[in-house]
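In what follows, a structure is listed as structure tokens, so that the remarks can point back to it.
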Amino acid sequence: MAVVVRSFSILGVDGYPVDIETDVISGMPSITIVGMGDTAVREARERLQAAVVNAKYDFPSRKVVINLAPSDIKKSGSNFDLAMAVGLLVKSGQLIVAENIDIKDYAFIGELSLTSQLRPCSGVLPMAIAARNAGVKNLVVPVQNLREASHVKDINVMGLSTLREVSELLRGRPMQERMPDAAEGGACGVVCQDDFSEVRGQDSLIKYIQIAAAGGHNMLMIGTPGCGKSMIAKRIPTILPAMTEEEALEVTKIYSVAGELKERGSLIEKRPFRSPHHNASTNSLIGGGNDAKPGEISLAHNGVLFLDEIAEFNKNTLNSLRQPMEDRAVTVSRVRHTHRYPCSFMLVAAMNPCPCGYHGTERCKCTDYEILKYRQKLSGPILDRLDIQKYVSPVNFMDLSGYPGGKSSRELKEQVEFARIVQEKRYFGIEGVNCNAQMNSSLIKEHCSLDSESMRIMEKAYERYKFSARSYYKFLRVARTFADFDGSAVIRRQDVINALMSRDLEKEECGMVVVQH
Amino acid sequence: MSWENKEYLIWLTQLKGVGPVTQRLLIEKLGSPAAVYGAASEELESTCGLSSKAAAAITADRRKGDTLERSRRILDECFKRGIKLLAAGDPRYPAEVAAVHGMPVLLYYKGILPEDSPGIAIVGARRCGEYAKAVACEAADFLARQKVTVISGMAKGIDGYAHTACINAGGHTLAFLGGGVDVCYPKEHDMLHRAIIENGVAISEYPPGTKPYYRNFARRNHLISSWAQKVLVVQAGEKSGALITARHALSANKKVLALPDRTSEKTSIGSNRLLLEGATAYLEKEQLLEGLEGIKKSVPHKKSKAPADQDKQAEPKAIGKIKAEILRLVSDSPKTADEICILLAGRYEIFEIEEAIFELEMARHIDRRGGRIIGGDSSL
């Protein structure tokens with residue numbers, strides 16, 4: 001009878017159980033691995049052979065067949081090595097499992113080195129979650145992945161470093177408990193962070209950034225080169241409310257699958273900030289590639305996706321953001337895989353106001369037609385998803401000392417969190433709506449009624465700036481956030497005024513000397 | 001003169017080595033382009049006094065065989081694209097323009113070309129400043145409202161603004177192009193190009209599809225100055241094409257207005273120098289109409305009272321005071337909203353200042369440019 005050892009693999013961002021069946025049958029001495037493995041899996045037989053021998057075991061000189069079930073899903077990676085080795089040792093009778101241990105309660109994840117050491121692998125967190133969900137009681141992982149895996153509750157995770165240790169464990173010998181290194185955790189916590197107090201003379205802009213952060217609005221910053229757009233964008237994650245544990249786990253899962261967990265598998269607690277360069281391909285942004293990896297938008301899940309120089313991005317690449325932004329998840333389909341990656345991010349974009357970059361100053365001689373053409377690189381639907389468009393004015397650095405110091409990120413964050421709580425209460429129990437930016441038209445009707453005075457202001461502004469009809473709901477959403485920010489139950493006159501000031505580009509374009517079409 | 005056979009006319013204008021002056025001479029001496037086509041080499045030399053070289057060029061071209069075919073193709077192309085021909089002698093080709101030495105005998109146009117279409121040219125730099133832009137727009141807008149045609153060259157900058165402001169004010173505009181009338185150059189003017197054809201006319205001496213070669217533009221500028229009754233040079237650099245227009249106009253004893261600008265402004269060196277060369281300083285828009293014949297001066301209608309005035313009484317006094325202070329601040333130099341807030345901080349609440357800025361913007365007392373607040377078109 002074949003020996004069955006449990007292991008796990010990754011599909012999309014989730015793990016799924018894989019049973020490693022090992023049998024030793026009579027025939028020419030050989031080792032065959034079946035079950036749709038890729039090159040890494042197929043090469044495991046060489047690693048296996050060397051590792052078993054180097055761990056002072058005998059490699060059976062008969063025909064070894066290993067099956068990775070379910071056999072109809074493509075599997076990749078080297079994380080099955082350990083389970084295969086355990087299966088082989090048990091089957092060949094070199095490892096006798098203690099009587100009080102049921103091998104079905106154990107799952108094994110890890111790559112083997114030729115010296116029979118365990119090597120870390122990617123995707124351990126989602127596999128550990130899948131293991132818990134599959135009812136596995138004990139999970140054996142390489143010691144380097146221990147931190148990452150131990151974020152999962154209700155499962156006993158053991159970090160071991162050699163094949164010998166694993167076999168000792170199964171023989172029922174007491175193991176020295178290894179805990180994730182505390183010192184490492186401490187080192188991660190003291191990462192020196194950017195702070196908004198370093199940004200000076202941009203108070204009104206920061207207010208709008210707070211609003212964007214509080215209401216989940218996407219934002220576009222327009223400004224001359226060197227006026228501080230990137231500096232400000234980098235600090236946005238510091239004022240976003242702290243992630244809940246569930247959110248942190250989601251983010252860590254995605255990073256684990258992408259193989260980007262750097263801090264030795266500690267839980268990612270800081271909201272991610274991703275700023276892909278503007279020559280990024282569609283696949284690198286959305287996700288994809290041969291084996292369908294999460295893209296930048298998924299890596300920015302629960303955080304900020306910052307697109308600097310958004311006008312320089314490929315138009316098709318930008319347009320491919322439309323649907324994921326709407327659904328807050330992206331489905332990547334390849335011939336063999338269809339994966340769904342979450343991507344609920346706050347889009348922050350930055351661009352220059354005109355081709356030369358210095359619009360509004362003496363040195364800019366771009367014509368209005370050129371400016372419009374430049375801005376048309378941002379398609380309407382994308383511009384439509386950017387609720388707030390604000391100018392970033394360059395600060396005269398000689399006067400910098402004259403500006404009062406800005407508020408610290410902590411103060412700003414408290415205000416943002418306050419507004420978030422207001423919204424959470426309001427949208428409690430409504431599926432898929434957490435913040436004002438996600439309000440649909442019926443919710444807007446319910447929560448964004450204006451009094452006659454505000455209505456009149458709105459009408460006047462529309463008359464003056466010829467805003468598009470679709471921007472009406474945007475103004476209401478932003479006005480709602482302004483009201484929530486001050487804890488006001490109704491939308492006040494000043495909220496409407498502030499909201500109406502949030503679309504600088506459209507306002508400016510209305511004043512341009514171009515023919516109307 | 002008979003202008004019946006248009007393909008012969010096109011053939012004549014497409015001849016290499018025969019310029020517009022000779023073309024005109026040939027038609028006058030021989031009666032029609034078709035006659036030129038049929039004339040023998042000796043006839044060309046003796047009757048018209050052509051050099052033997054020029055005459056040989058004509059006869060050589062004729063012998064090629066497909067030369068008329070090419071003219072017919074151009075004609076077909078014009079028909080397909082709705083482009084019309086305008087030959088010297090046509091009532092819509094002003095006689096005084098045709099009389100100018102070196103004017104083309106054949107023009108192509110697309111759009112609406114009324115019989116009496118002289119106007120005033122507004123020309124200037126492609127890379128112009130804010131001030132020049134505002135002046136060009138104001139002048140074009142004024143002319144449009146006075147029902148005077150605005151003539152320009154559809155280039156970037158001043159030319160484009162002049163056309164645009166004229167069209168937006170409902171006026172008639174004439175654009176002279178350096179390429180075929182169906183070729184839009186610069187590319188970003190495609191909307192403007194279409195609007196010009198709908199609300200005015202694009203004219204060129206080059207057949208459809210001709211690319212705007214740089215050497216074409218000097219001739220186009222000459223056309224502009226011949227067609228215009230006056231030329232306003234808003235801003236021109238040291239070697240600007242607008243200067244060609246202005247100098248042609250000056251030598252034809254036409255009035256040239258030039259906008260004086262700071263001596264330090266590089267893009268205004270040419271227009272400033274024009275003032276020394278006989279141009280008049282442009283100080284007010286009424287100068288554009290002085291001495292113009294056949295133009296009825298409509299009484300400038302007074303601006304209807306803005307409804308904002310009614311609001312003013314209703315608003316609290318504090319806001320009115322802030323507004324006045326803001327206007328004073330931005331009249332010196334453009335300021336950001338933050339700078340205004342800092343300067344007025346302590347005396348007023350932030351939201352009061354924001355509201356004041358908003359209302360000033362609504363009433364067009366202030367405007368924004370690149371995120372900065374600047375003074376608008378009228379004071380409080």
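In the structure tokens, chains take letters A, B, ... by order of appearance, with residues numbered from 1 within each chain and ligands from 1 in the order shown.
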Set the distance at 9 Å and use only C-alpha atoms: which residues neighbour Asn199 (chain B) once local chain neighbours fewer than 5 positions away are removed? I'd like the list as a count of residues only.
8
Could you go through region 25-270 of chain A and tell me which residues DSSP, when run on the backbone, assigns to strand (DSSP E or B), listing them as a PDB file with C-alpha atoms, in the first residue's frame?
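Ended up saving to states_14.pdb:
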ATOM      1  CA  ILE A  25       7.366  -1.339  -6.369  1.00  0.00           C
ATOM      2  CA  SER A  30      14.262   4.513 -10.747  1.00  0.00           C
ATOM      3  CA  ILE A  31      12.145   7.348  -9.425  1.00  0.00           C
ATOM      4  CA  THR A  32       9.119   8.747 -11.231  1.00  0.00           C
ATOM      5  CA  ILE A  33       7.086  11.757 -10.170  1.00  0.00           C
ATOM      6  CA  VAL A  34       3.656  12.099 -11.757  1.00  0.00           C
ATOM      7  CA  GLY A  37       4.598  18.893 -12.052  1.00  0.00           C
ATOM      8  CA  LYS A  63      11.165   1.522  -8.612  1.00  0.00           C
ATOM      9  CA  VAL A  64       9.827   4.533  -6.713  1.00  0.00           C
ATOM     10  CA  VAL A  65       6.592   6.170  -7.920  1.00  0.00           C
ATOM     11  CA  ILE A  66       5.393   9.426  -6.452  1.00  0.00           C
ATOM     12  CA  ASN A  67       2.026  10.866  -7.333  1.00  0.00           C
ATOM     13  CA  LEU A  68       0.896  14.383  -6.536  1.00  0.00           C
ATOM     14  CA  ALA A  69      -2.870  14.188  -6.197  1.00  0.00           C
ATOM     15  CA  LYS A  75       1.838  22.087  -9.888  1.00  0.00           C
ATOM     16  CA  TYR A 106       0.674  16.255   9.752  1.00  0.00           C
ATOM     17  CA  ALA A 107       1.412  18.329   6.654  1.00  0.00           C
ATOM     18  CA  PHE A 108       4.858  19.110   5.284  1.00  0.00           C
ATOM     19  CA  GLU A 111      12.368  22.413  -0.175  1.00  0.00           C
ATOM     20  CA  LEU A 112      15.280  20.069   0.390  1.00  0.00           C
ATOM     21  CA  GLN A 117      18.699  20.878   5.015  1.00  0.00           C
ATOM     22  CA  LEU A 118      15.263  22.439   4.699  1.00  0.00           C
ATOM     23  CA  ARG A 119      15.069  25.530   2.552  1.00  0.00           C
ATOM     24  CA  ASN A 138       0.466  19.956  12.785  1.00  0.00           C
ATOM     25  CA  LEU A 139       2.315  21.762  10.046  1.00  0.00           C
ATOM     26  CA  VAL A 140       6.013  21.282   9.468  1.00  0.00           C
ATOM     27  CA  VAL A 141       7.747  24.124   7.650  1.00  0.00           C
ATOM     28  CA  PRO A 142      11.373  25.176   7.214  1.00  0.00           C
ATOM     29  CA  ASN A 156       0.457  23.791  15.475  1.00  0.00           C
ATOM     30  CA  VAL A 157       3.292  25.042  13.301  1.00  0.00           C
ATOM     31  CA  MET A 158       6.761  23.579  13.699  1.00  0.00           C
ATOM     32  CA  GLY A 159       9.850  25.075  12.149  1.00  0.00           C
ATOM     33  CA  LEU A 160      12.588  22.529  11.552  1.00  0.00           C
ATOM     34  CA  THR A 162      16.901  19.278   8.571  1.00  0.00           C
ATOM     35  CA  MET A 219      -6.746  61.246  -6.285  1.00  0.00           C
ATOM     36  CA  LEU A 220      -4.759  63.019  -8.962  1.00  0.00           C
ATOM     37  CA  MET A 221      -2.050  65.508  -8.111  1.00  0.00           C
ATOM     38  CA  ILE A 222      -0.980  67.957 -10.769  1.00  0.00           C
ATOM     39  CA  GLY A 223       2.139  69.982 -10.406  1.00  0.00           C
TER      40      GLY A 223
END
What's around region 443-448 of chain A at 7 Å? Count only C-alpha atoms, leave out sequence neighbours fewer than 2 positions away in its own chain, and write the answer as a list of chain:residue names.
A:Met439, A:Asn440, A:Ser441, A:Leu450, A:Leu476, A:Arg480, A:Ile491
Compile the residues of chain A that lie within 9 Å of chain B, evaluated using only C-alpha atoms, and express the compilation as an MDAnalysis selection string.
chainID A and resid 201:205 222:224 353 358:370 372:373 390:393 403:404 460:461 464:465 494 497:498 500:501 504 507:508 511 513:517
Next, dump the selected residues to file, keeping only N, CA and C atoms, as a short mmCIF file (atom, residue, chain, number, x, y, z; two decimals), in the first residue's frame.
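Dumped to selection.cif:
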data_model
loop_
_atom_site.label_atom_id
_atom_site.label_comp_id
_atom_site.auth_asym_id
_atom_site.auth_seq_id
_atom_site.Cartn_x
_atom_site.Cartn_y
_atom_site.Cartn_z
N GLY A 201 3.84 74.00 3.95
CA GLY A 201 3.21 74.94 3.02
C GLY A 201 2.24 74.31 2.05
N GLN A 202 1.74 73.12 2.37
CA GLN A 202 0.79 72.46 1.46
C GLN A 202 -0.47 72.09 2.24
N ASP A 203 -0.85 72.96 3.19
CA ASP A 203 -1.93 72.58 4.10
C ASP A 203 -3.23 72.22 3.40
N SER A 204 -3.62 73.05 2.43
CA SER A 204 -4.93 72.78 1.82
C SER A 204 -4.87 71.49 1.02
N LEU A 205 -3.74 71.23 0.38
CA LEU A 205 -3.61 69.97 -0.37
C LEU A 205 -3.70 68.78 0.58
N ILE A 222 -1.57 67.35 -9.59
CA ILE A 222 -0.98 67.96 -10.77
C ILE A 222 0.02 68.98 -10.28
N GLY A 223 1.18 68.98 -10.86
CA GLY A 223 2.14 69.98 -10.41
C GLY A 223 3.39 70.00 -11.25
N THR A 224 4.12 71.09 -11.12
CA THR A 224 5.36 71.25 -11.87
C THR A 224 6.40 70.27 -11.34
N PRO A 353 1.24 69.49 -15.44
CA PRO A 353 0.06 70.13 -16.02
C PRO A 353 0.12 70.30 -17.53
N TYR A 358 5.71 73.25 -16.80
CA TYR A 358 5.75 74.45 -15.97
C TYR A 358 4.55 75.37 -16.16
N HIS A 359 3.42 74.77 -16.48
CA HIS A 359 2.21 75.56 -16.69
C HIS A 359 1.92 76.43 -15.47
N GLY A 360 1.54 77.66 -15.76
CA GLY A 360 1.23 78.56 -14.65
C GLY A 360 2.41 79.42 -14.25
N THR A 361 3.58 79.13 -14.80
CA THR A 361 4.73 79.99 -14.53
C THR A 361 5.11 80.70 -15.82
N GLU A 362 5.96 81.69 -15.68
CA GLU A 362 6.37 82.51 -16.83
C GLU A 362 7.01 81.68 -17.93
N ARG A 363 7.78 80.68 -17.52
CA ARG A 363 8.58 80.00 -18.52
C ARG A 363 7.78 79.07 -19.41
N CYS A 364 6.55 78.76 -19.03
CA CYS A 364 5.74 77.85 -19.84
C CYS A 364 5.15 78.60 -21.02
N LYS A 365 5.40 78.09 -22.22
CA LYS A 365 4.82 78.71 -23.41
C LYS A 365 3.99 77.69 -24.18
N CYS A 366 3.48 76.69 -23.47
CA CYS A 366 2.65 75.70 -24.15
C CYS A 366 1.32 76.35 -24.52
N THR A 367 0.81 76.01 -25.68
CA THR A 367 -0.49 76.57 -26.05
C THR A 367 -1.60 75.73 -25.44
N ASP A 368 -2.77 76.32 -25.36
CA ASP A 368 -3.89 75.63 -24.73
C ASP A 368 -4.22 74.33 -25.46
N TYR A 369 -4.07 74.35 -26.78
CA TYR A 369 -4.35 73.14 -27.55
C TYR A 369 -3.36 72.03 -27.19
N GLU A 370 -2.11 72.42 -27.03
CA GLU A 370 -1.09 71.42 -26.65
C GLU A 370 -1.38 70.85 -25.27
N LEU A 372 -4.26 70.63 -23.75
CA LEU A 372 -5.42 69.73 -23.80
C LEU A 372 -5.02 68.38 -24.39
N LYS A 373 -4.22 68.45 -25.44
CA LYS A 373 -3.81 67.20 -26.09
C LYS A 373 -3.01 66.34 -25.11
N LYS A 390 -6.18 67.76 -7.62
CA LYS A 390 -5.71 69.01 -7.02
C LYS A 390 -4.35 69.40 -7.55
N TYR A 391 -4.16 70.70 -7.63
CA TYR A 391 -2.85 71.23 -7.99
C TYR A 391 -1.92 71.19 -6.79
N VAL A 392 -0.69 70.84 -7.02
CA VAL A 392 0.33 70.96 -5.98
C VAL A 392 1.16 72.17 -6.36
N SER A 393 1.12 73.19 -5.54
CA SER A 393 1.87 74.39 -5.90
C SER A 393 3.28 74.26 -5.38
N TYR A 403 7.12 79.02 6.65
CA TYR A 403 5.86 78.28 6.75
C TYR A 403 5.79 77.56 8.08
N PRO A 404 4.64 77.56 8.68
CA PRO A 404 4.51 76.78 9.92
C PRO A 404 4.67 75.30 9.61
N LYS A 460 -24.85 77.10 -9.51
CA LYS A 460 -24.01 78.21 -9.97
C LYS A 460 -22.66 77.71 -10.48
N ALA A 461 -22.11 76.76 -9.74
CA ALA A 461 -20.80 76.23 -10.13
C ALA A 461 -20.90 75.50 -11.46
N ARG A 464 -21.00 77.98 -14.17
CA ARG A 464 -19.72 78.68 -14.36
C ARG A 464 -18.69 77.76 -15.02
N TYR A 465 -18.60 76.51 -14.56
CA TYR A 465 -17.50 75.66 -15.00
C TYR A 465 -17.93 74.58 -15.97
N GLN A 494 -20.42 74.61 3.54
CA GLN A 494 -18.97 74.65 3.33
C GLN A 494 -18.46 73.32 2.77
N ILE A 497 -18.96 73.58 -0.91
CA ILE A 497 -17.96 74.48 -1.50
C ILE A 497 -16.61 73.76 -1.60
N ASN A 498 -16.22 73.09 -0.52
CA ASN A 498 -14.96 72.36 -0.55
C ASN A 498 -14.95 71.29 -1.62
N LEU A 500 -16.67 71.26 -4.34
CA LEU A 500 -16.63 71.87 -5.67
C LEU A 500 -15.23 72.36 -6.03
N MET A 501 -14.40 72.55 -5.02
CA MET A 501 -13.03 73.00 -5.29
C MET A 501 -12.11 71.82 -5.56
N ASP A 504 -9.69 70.65 -9.96
CA ASP A 504 -8.92 71.75 -10.52
C ASP A 504 -8.77 71.65 -12.04
N LYS A 507 -11.88 72.61 -13.92
CA LYS A 507 -12.13 74.04 -13.78
C LYS A 507 -11.22 74.82 -14.72
N GLU A 508 -9.97 74.40 -14.78
CA GLU A 508 -9.02 75.13 -15.60
C GLU A 508 -9.34 74.97 -17.08
N GLY A 511 -11.65 77.31 -18.71
CA GLY A 511 -11.17 78.65 -19.01
C GLY A 511 -10.23 78.72 -20.20
N VAL A 513 -8.73 78.72 -24.03
CA VAL A 513 -9.14 79.27 -25.31
C VAL A 513 -9.05 78.16 -26.36
N VAL A 514 -10.10 77.40 -26.47
CA VAL A 514 -10.15 76.37 -27.50
C VAL A 514 -11.57 76.37 -28.07
N VAL A 515 -11.70 75.83 -29.27
CA VAL A 515 -13.04 75.81 -29.86
C VAL A 515 -13.88 74.76 -29.15
N GLN A 516 -15.12 75.07 -28.97
CA GLN A 516 -16.04 74.09 -28.36
C GLN A 516 -16.49 73.15 -29.46
N HIS A 517 -16.64 71.89 -29.10
CA HIS A 517 -17.08 70.97 -30.15
C HIS A 517 -18.54 70.62 -29.97
#
Can you list, as a VMD selection string, every protein, DNA or RNA residue that comes within 12 Å of Gly172 (chain A) when you count only C-alpha atoms, leaving out same-chain residues fewer than 6 positions away?
chain A and resid 95 to 103 165 to 166
Excluding same-chain residues fewer than 6 positions from region 237-240 of chain B, what lies within 10 Å of it counting only C-alpha atoms, as an MDAnalysis selection string?
chainID B and resid 124:128 265:273
Selection from above, N, CA and C atoms, as a compact mmCIF listing (two decimals), in the first residue's frame, can you write it?
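What ended up in selection.txt:
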# COMPACT_ATOMS: atom_id res chain seq x y z
N GLY B 124 1.33 86.30 -34.85
CA GLY B 124 2.29 86.38 -33.77
C GLY B 124 3.02 85.09 -33.52
N ALA B 125 3.69 85.08 -32.38
CA ALA B 125 4.61 83.98 -32.07
C ALA B 125 3.86 82.69 -31.81
N ARG B 126 4.52 81.58 -32.11
CA ARG B 126 3.95 80.28 -31.76
C ARG B 126 4.04 80.07 -30.26
N ARG B 127 5.18 80.46 -29.71
CA ARG B 127 5.38 80.33 -28.26
C ARG B 127 5.16 81.70 -27.64
N CYS B 128 3.96 81.92 -27.17
CA CYS B 128 3.64 83.26 -26.69
C CYS B 128 3.39 83.25 -25.20
N GLU B 265 11.77 90.74 -22.76
CA GLU B 265 11.05 89.57 -23.26
C GLU B 265 11.62 89.18 -24.63
N LYS B 266 12.25 88.01 -24.69
CA LYS B 266 12.91 87.59 -25.92
C LYS B 266 11.93 87.42 -27.06
N THR B 267 10.75 86.84 -26.72
CA THR B 267 9.80 86.56 -27.79
C THR B 267 9.11 87.83 -28.29
N SER B 268 9.48 88.98 -27.73
CA SER B 268 8.86 90.22 -28.21
C SER B 268 9.85 91.14 -28.91
N ILE B 269 11.06 90.69 -29.11
CA ILE B 269 12.08 91.54 -29.73
C ILE B 269 11.61 92.02 -31.10
N GLY B 270 11.09 91.10 -31.91
CA GLY B 270 10.67 91.45 -33.26
C GLY B 270 9.52 92.43 -33.27
N SER B 271 8.52 92.18 -32.43
CA SER B 271 7.36 93.07 -32.45
C SER B 271 7.72 94.44 -31.90
N ASN B 272 8.60 94.49 -30.92
CA ASN B 272 9.03 95.79 -30.41
C ASN B 272 9.79 96.57 -31.49
N ARG B 273 10.63 95.84 -32.23
CA ARG B 273 11.44 96.52 -33.26
C ARG B 273 10.55 97.05 -34.39
Could you pull out the alpha helix (DSSP H) residues of region 79-151 of chain A from DSSP and send them as an NGL selection string?
:A and (81-91 or 124-133 or 146-149)
Distance in Å - CA of Ile430 (chain A) versus CA of Ala499 (chain A):
24.9 Å
Counting only C-alpha atoms, which of B:Val36, B:Ile203, B:Ala281, B:Ile366 gets nearest to Leu86 (chain B)?
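When distances to Leu86 (chain B) are compared using only C-alpha atoms, the smallest one comes from B:Ile203.
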